[in-house]
Amino acid sequence: MPGKGLAVFFGMPAPPPRKFAKYPLENKLFHGVIILCGLSVILTGVFMMSRVRTIFFPRNPYLFSDMTWGLMYVLHGLAGVGLIALVMMHVYFGLRPEKRAITKSMIFGWMDRDFYLEEHDPERWKVETASSSPQSNRVEG
């Protein structure tokens, strides 16, 4: 429906957004940034190893220009500091009270059915109950 976005812009009521399936968008983006930082540190570190004599590479400090080496050192440092900051954020947000159910589900491998139904869309993430009893309050998936 093309006019729906325009109606929302002008303050008309809109339907609530869909619930997430298994992983929310912010979790996917966070882990994508972790991967980018990690790959940046690894790649720049491998290139930086060529400036010193190692068992892997012969020494070649002239592989890149001085400008490129400078950018490489800056990118390596920023990505390293970024990884440390991201790990600190990961621990902080994992310990927050409203995220405790998610942290508990990562440790034990199951979550309460009430939390599952409140936070996730059962149509998009099908799970089975933890036991054969229909009264079970745990879901695994």
# chains A, B, ... in the order shown; residues from 1 in each chain; ligands from 1

call {"tool": "residues_around", "arguments": {"residues": "region 98-114 of chain A", "least_positions_apart": "3", "cutoff": "7 Å", "atoms": "only C-alpha atoms", "output": "VMD selection string"}}
result
chain A and resid 94 to 95 117 to 118 137 to 140

call {"tool": "residues_around", "arguments": {"residues": "Glu119 (chain A)", "least_positions_apart": "5", "cutoff": "10 Å", "atoms": "only C-alpha atoms", "output": "NGL selection string"}}
result
:A and (19-22 or 24 or 114)

call {"tool": "write_last_selection", "arguments": {"atoms": "N, CA and C atoms", "output": "PDB file, in the first residue's frame"}}
result
ATOM      1  N   LYS A  19       7.196  -8.746  15.146  1.00  0.00           N
ATOM      2  CA  LYS A  19       8.197  -9.208  16.105  1.00  0.00           C
ATOM      3  C   LYS A  19       9.315  -9.918  15.349  1.00  0.00           C
ATOM      4  N   PHE A  20      10.466 -10.007  15.992  1.00  0.00           N
ATOM      5  CA  PHE A  20      11.601 -10.664  15.362  1.00  0.00           C
ATOM      6  C   PHE A  20      11.413 -12.171  15.377  1.00  0.00           C
ATOM      7  N   ALA A  21      12.075 -12.829  14.445  1.00  0.00           N
ATOM      8  CA  ALA A  21      12.050 -14.283  14.430  1.00  0.00           C
ATOM      9  C   ALA A  21      12.954 -14.775  15.554  1.00  0.00           C
ATOM     10  N   LYS A  22      14.200 -15.019  15.260  1.00  0.00           N
ATOM     11  CA  LYS A  22      15.096 -15.545  16.288  1.00  0.00           C
ATOM     12  C   LYS A  22      16.044 -14.479  16.802  1.00  0.00           C
ATOM     13  N   PRO A  24      17.164 -10.364  16.817  1.00  0.00           N
ATOM     14  CA  PRO A  24      16.792  -8.996  16.452  1.00  0.00           C
ATOM     15  C   PRO A  24      17.847  -8.354  15.543  1.00  0.00           C
ATOM     16  N   ASP A 114       6.809 -17.822  28.162  1.00  0.00           N
ATOM     17  CA  ASP A 114       6.255 -16.464  28.235  1.00  0.00           C
ATOM     18  C   ASP A 114       7.185 -15.458  27.568  1.00  0.00           C
TER      19      ASP A 114
END

call {"tool": "residues_around", "arguments": {"residues": "His31 (chain A)", "least_positions_apart": "4", "cutoff": "12 Å", "atoms": "only C-alpha atoms", "output": "mmCIF file with C-alpha atoms, in the first residue's frame"}}
result
data_model
loop_
_atom_site.group_PDB
_atom_site.id
_atom_site.type_symbol
_atom_site.label_atom_id
_atom_site.label_comp_id
_atom_site.auth_asym_id
_atom_site.auth_seq_id
_atom_site.Cartn_x
_atom_site.Cartn_y
_atom_site.Cartn_z
ATOM 1 C CA TYR A 23 17.654 -12.722 16.318
ATOM 2 C CA PRO A 24 16.792 -8.996 16.452
ATOM 3 C CA LEU A 25 18.318 -6.644 13.888
ATOM 4 C CA GLU A 26 20.568 -4.929 16.437
ATOM 5 C CA ASN A 27 22.117 -8.281 17.385
ATOM 6 C CA ILE A 35 33.386 -9.479 12.216
ATOM 7 C CA LEU A 36 34.488 -6.346 10.313
ATOM 8 C CA CYS A 37 36.711 -5.184 13.175
ATOM 9 C CA GLY A 38 38.203 -8.637 13.603
ATOM 10 C CA LEU A 83 37.073 -4.677 19.392
ATOM 11 C CA LEU A 86 32.571 -3.921 21.533
ATOM 12 C CA VAL A 87 33.479 -6.704 23.967
ATOM 13 C CA MET A 89 29.467 -3.373 25.392
ATOM 14 C CA HIS A 90 28.633 -7.036 24.850
#

call {"tool": "select_by_dssp", "arguments": {"residues": "chain A", "states": "strand (DSSP E)", "output": "list in words"}}
result
Met111, Asp112, Glu128, Thr129, Arg138, Val139 and Glu140 of chain A

call {"tool": "select_by_dssp", "arguments": {"residues": "region 34-127 of chain A", "states": "alpha helix (DSSP H)", "output": "PyMOL selection string"}}
result
chain A and resi 34-49+66-95+100-108+113-119

call {"tool": "closest_residue", "arguments": {"among": "A:Pro97, A:Pro15, A:Gly45, A:Pro58", "to": "Val74 (chain A)", "atoms": "only C-alpha atoms"}}
result
A:Gly45

call {"tool": "closest_residue", "arguments": {"among": "A:Lys28, A:His76, A:Arg51, A:Arg18", "to": "Phe64 (chain A)", "atoms": "only C-alpha atoms"}}
result
A:Arg51

call {"tool": "atom_distance", "arguments": {"atom1": "CA of Pro61 (chain A)", "atom2": "CA of Ile84 (chain A)"}}
result
28.4 Å

call {"tool": "closest_residue", "arguments": {"among": "A:Trp125, A:Phe115, A:His120, A:Met48", "to": "Gly70 (chain A)", "atoms": "only C-alpha atoms"}}
result
A:Met48

call {"tool": "closest_residue", "arguments": {"among": "A:Val46, A:Ile34, A:Met67, A:Phe56", "to": "Val81 (chain A)", "atoms": "only C-alpha atoms"}}
result
A:Ile34

call {"tool": "closest_residue", "arguments": {"among": "A:Pro16, A:Leu29, A:Gly11, A:Gly80", "to": "Leu43 (chain A)", "atoms": "only C-alpha atoms"}}
result
A:Gly80

call {"tool": "atom_distance", "arguments": {"atom1": "CA of Leu63 (chain A)", "atom2": "CA of Leu75 (chain A)"}}
result
17.0 Å

call {"tool": "atom_distance", "arguments": {"atom1": "CA of Ser50 (chain A)", "atom2": "CA of Tyr62 (chain A)"}}
result
9.1 Å

call {"tool": "residues_around", "arguments": {"residues": "Lys126 (chain A)", "least_positions_apart": "3", "cutoff": "9 Å", "atoms": "only C-alpha atoms", "output": "ChimeraX atom specification"}}
result
/A:21,121-123,141
